[in-house]
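Comments concern the structure below.
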Amino acid sequence: MKRDELLFGPVASDLLAVPASRRSFLQHSAVAGGLSGLMSLALTEGTRAEAAQPSKLDTLVVAVQEGDTRTVDPDDADELTVPLFLRAIYDQMVTFAGSDVTRVVPDFATSWDVSSDGLTYVFQLNPKIRFSDGKPATPEDVVFSYLRQRNLKGPASWFQNGVASINKTGPHEVTIKLNAINVDWLFLLTSPFLSIESEAMLKAHGGTDAGSAATADTAVAWLDQHSAGTGRFVLDAWEHGSQLTISRNPYYWGKPAPFNRVVFRFVQEATVQRDLLVRGDVHFAMNLSPDIAASLKGQPNVGVLDVPSLATVWLGLNVDLNPALKHPKSWEAIKYAINYDGMAELYKGGGRPIAACLPPGLPNALPLDERIKRDLPRAKAALAAAGYPNGFTMILTYASAQLYYNVPASLIAEYVQENLKDVGITANLRPIPSTEELTEIRAGKLEAFIHEWGLDYVGWTDVLPLFAPGGHVAGPRQGWYPDYSPTARKIADLAKQATTTLDPTKQRALCYEAQRLMNQVGPFAWLFEPFIQIGYRTDVIKSVSTNPVWYVDVGTVELV
Amino acid sequence: MIGYVFRRFALLVPILLGITFLTFMVSRAIPTDPVVAALGQQAADHPKIVAIYRERWGLDKPLLVQYAIYLKNLLHGDLGESIYTHRPVAEDLVSYMPATIELASFTIVLSALISVPLGVLAAIKRGTVIDLAVRLLTLIGVAMPIFWLALAALELFYFHLGIVPGPGRLSPSLSPPPTVTGLYTVDSVLAGRWRTFYSAVSHLILPSLILATWSAGTLTRMTRTSMLSVLPQGFLNTARSKGASEIYTILRHAIPNAVIPVVTIVGLVYGDLLTGVILIETLFSWPGIGHYAYAAAIYADFPAIIGITLVFGVSYSLLNLGVDVIYAMLDPRIRSAMSLGRR
């Protein structure tokens with residue numbers, strides 16, 4: 001018996017050793033050769049690190065979830081992920097100083113004056129700024145950009161709601177008048193959704209700022225594959241579901257980035273982002289879960305940036321739907337039954353406690369030492385005072401697949417359920433899809449829910465007035481209006497007064513008082529502020545500005 | 001034969017009508033408001049923006065009116081505009097489909113290359129250790145959850161061993177080739193960009209091998225079963241008695257007869273691959289139709305959902321038709337039956 005027969009048996013041996021014809025032999029050889037060729041091809045491609053070394057870095061690679069990115073037209077976008085791209089491509093009137101979000105600094109505008117009544121803002125523009133086509137930026141471009149956003153009537157048009165007028169008032173001057181005082185107006189202007197675009201470039205591609213822009217403007221599709229900004233980079237291409245590529249703007253007016261190109265590679269899974277980062281195939285991994293971030297700490301050549309998200313995760317109670325939840329003492333029982341410090345074990349460095357609705361990084365946030373701490377005797381006493389000494393039952397809804405900046409909602413909900421059980425409150429969990437949850441919350445249909453409030457811009461006015469009685473969150477979603485009680489009325493008045501108070505000291509005092517009263521009598525339990533956890537290569541990246549809105553400003557990356 | 005093909009095409013019309021009706025009604029029966037899914041928190045709290053949004057997407061009209069408008073547009077070849085991407089759905093489908101076709105095609109070729117020899121071998125070696133091993137392997141391939149397998153394979157072959165590239169269709173350092181077909185492997189060859197071709201093929205290997213564990217499992221088992229039904233047949237003994245070698249008898253007489261039902265399964269498996277690669281596309285950052293379908297479902301993008309369902313329906317029906325035609329070409333008895341049916 002031949003050796004082949006010993007190994008494979010006679011027929012298989014025939015198949016291996018005796019080709020039926022010359023042609024079939026060649027076919028078999030080609031197939032075998034092709035397969036082995038493919039494997040060796042994969043081997044060489046796979047072993048080659050895709051990200052270059054810092055000294056000769058041409059392309060910075062960022063792994064990020066494409067998430068809710070629907071368009072990269074700044075005037076029509078209004079999502080969480082897109083500011084990461086917009087900030088790299090466009091400039092805003094003002095911006096933040098590096099990672100410090102407590103003060104604004106010049107960007108498109110070099111300086112500004114605010115009238116004593118807080119209603120008129122006069123901006124002096126930087127005459128050196130040019131668009132990516134080489135043409136100088138003018139006040140007309142600012143006026144066009146803002147008017148286009150308002151008249152597109154898209155998801156971002158609310159940014160223009162407070163603007164009474166916007167005009168060119170000098171060769172390099174723009175004046176904006178507001179309808180009412182907005183103490184956070186300058187902070188709002190840092191938003192990448194308020195970017196400045198070239199009027200000429202947009203008009204050449206169907207853009208318009210006319211009143212009919214909602215139907216007449218056809219530039220959105222063009223802006224999804226091109227850009228018309230003054231930022232460090234220009235948009236090369238956006239391949240949906242795959243990657244978005246930007247390259248250096250030759251006319252950038254400031255310090256250029258130390259690389260030519262940035263590829264934002266869309267990677268959905270956090271574990272895959274981690275693998276890419278550890279192997280050095282990407283320089284940033286934007287969507288790490290707390291578990292993964294914790295596991296990366298201590299790994300060679302990899303670091304983790306903890307960026308406070310300035311988002312608030314809270315347990316909300318609707319004051320109308322469950323009889324047991326109509327009594328403020330029931331709310332108190334829930335608040336004091338939750339072990340907030342123990343919750344930190346769940347998010348493992350991926351968040352921090354909060355004292356009230358304003359997270360610690362925002363101006364006017366209540367100091368952390370004033371936060372509510374677990375007090376079971378007090379919770380039980382409150383239950384008795386509410387008329388439910390043995391507890392009660394409620395339905396606690398949350399978005400089943402939701403991640404609070406990578407902390408799973410299910411984990412938090414189960415933890416709260418366990419805590420409440422300790423005082424006799426039965427929380428029946430109801431996980432539902434996130435869009436359904438959002439629909440029901442906004443319709444005020446949920447008796448108890450855990451939810452996250454993310455900032456639309458960095459400003460306390462995007463939070464406190466909304467959670468005050470009758471605000472967008474407290475009113476329609478939780479049924480808590482000023483007429484609920486004298487204290488509710490007082491909180492609403494304090495919040496309103498704070499939003500029109502220009503003196504920072506008086507403003508802070510009003511905000512503090514409102515938050516303290518909300519902690520005493522409000523239908524909320526403030527759970528935590530999640531962190532945005534970003535992995536990066538320490539052997540390539542020396543420093544970068546981070547921010548809760550645009551996460552990292554890739555143009556500010558300094559290489560090792 | 002031609003009449004048969006025409007009749008099958010005619011049947012597509014009521015099938016597709018049914019698909020649109022069911023998808024339209026089911027997608028609107030779910031308790032999700034697309035306004036909520038698409039607008040941010042601040043925007044959704046502004047009644048004016050919400051009203052304009054509803055009007056813009058026709059969501060302010062009664063359901064049946066919306067459906068009638070959709071059908072009217074469909075007759076003009078207009079699948080509507082995606083709520084999520086703001087682009088025509090047809091344009092989206094054209095841009096997402098090639099990635100899926102490329103992955104599914106690569107997978108089906110790999111599967112056929114693996115499964116036909118394995119199935120034949122298992123049948124010839126029926127009852128031996130080889131047969132048992134093949135059956136066990138195919139069982140594992142069919143039973144293994146694709147999602148888990150993909151994660152494990154990425155961890156092992158990419159992360160630890162580094163013998164395949166990471167997720168995506170190309171290395172980040174390369175730009176896609178100029179679009180002709182949308183298939184990177186083909187377009188890179190047409191453009192003469194060999195490094196891009198090399199990268200595109202190497203990025204196809206791991207996802208297609210993972211998909212092939214399932215499809216090759218199915219095809220191998222089918223090939224084995226089919227071969228087992230052919231092997232005892234008398235015409236093989238006739239061939240042997242005429243002096244043909246065993247290898248010749250199997251290659252020339254057994255396999256061509258056994259492969260006919262396998263062709264049917266290949267068609268169906270290809271259809272399943274086209275429509276069922278959502279998890280793999282998500283894990284491998286593969287910008288295909290599965291990825292688009294996932295986003296459409298998350299954002300309650302009704303026009304896109306119906307467009308995708310229509311494409312899936314048409315693909316499946318056409319693949320079935322194609323399989324039947326090939327079946328007839330391979331087997332004269334079926335061709336004859338079709339001709340009789342025409343009378």
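Numbering starts fresh at 1 for the residues of each chain in the structure tokens, the chains themselves are lettered A, B, ... in the order given, and ligands are numbered from 1 as they appear.
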
Could you pull out the strand (DSSP E) residues of region 241-335 of chain A, going by DSSP on the backbone, and write them as a PyMOL selection string? chain A and resi 243-248+261-266+284-285+302-308+312-317

What lies within 8 Å of region 218-234 of chain A using only C-alpha atoms, ignoring chain neighbours under 3 positions off, as an MDAnalysis selection string? (chainID A and resid 71:73 76 87:91 129:133 195:198 201:203 205:207 237:238 246:249 251:254 256:257 555) or (chainID B and resid 86:87)

Enumerate, as a PyMOL selection string, the complete set of residues in region 27-217 of chain B that a backbone-based DSSP assignment places in alpha helix (DSSP H). chain B and resi 27-29+34-38+41-44+47-56+63-75+89-124+129-143+146-153+184-190+194-217

Residue nearest Leu113 (chain B) among B:Thr223, B:Tyr4, B:Pro232, B:Ile247 (counting only C-alpha atoms):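 Ranking B:Thr223, B:Tyr4, B:Pro232, B:Ile247 by distance to Leu113 (chain B), first place goes to B:Thr223.
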
d(CA of Tyr294 (chain B), CA of Asn73 (chain B)) in Å: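 Computing it gives 24.3 Å between the two atoms.
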
Applying 10 Å and only C-alpha atoms, which residues near Val122 (chain A) remain after dropping the ones on its own chain fewer than 2 positions away? List them as a list in words. Ala109, Ser111, Trp112, Asp113, Val114, Ser115, Thr120, Gln124, Leu125, Ile166, Asn167, Lys168, Thr169, Glu173, Val174, Thr175, Ile176 and Lys177 of chain A

All residues 6 Å or closer to Gln273 (chain A), only C-alpha atoms, same chain fewer than 3 positions away omitted, as a PDB file with C-alpha atoms, in the first residue's frame:
ATOM      1  CA  ALA A 270     -15.819  48.236  22.405  1.00  0.00           C
ATOM      2  CA  LEU A 276      -7.196  47.671  17.554  1.00  0.00           C
ATOM      3  CA  ALA A 285     -10.419  54.198  20.837  1.00  0.00           C
TER       4      ALA A 285
END

Å distance separating CA of Trp550 (chain A) from CA of Ala137 (chain A), one decimal place: 23.5 Å

Would you mind reading off the distance between CA of Tyr484 (chain A) and CA of Gly470 (chain A), one decimal, in Å? 9.7 Å
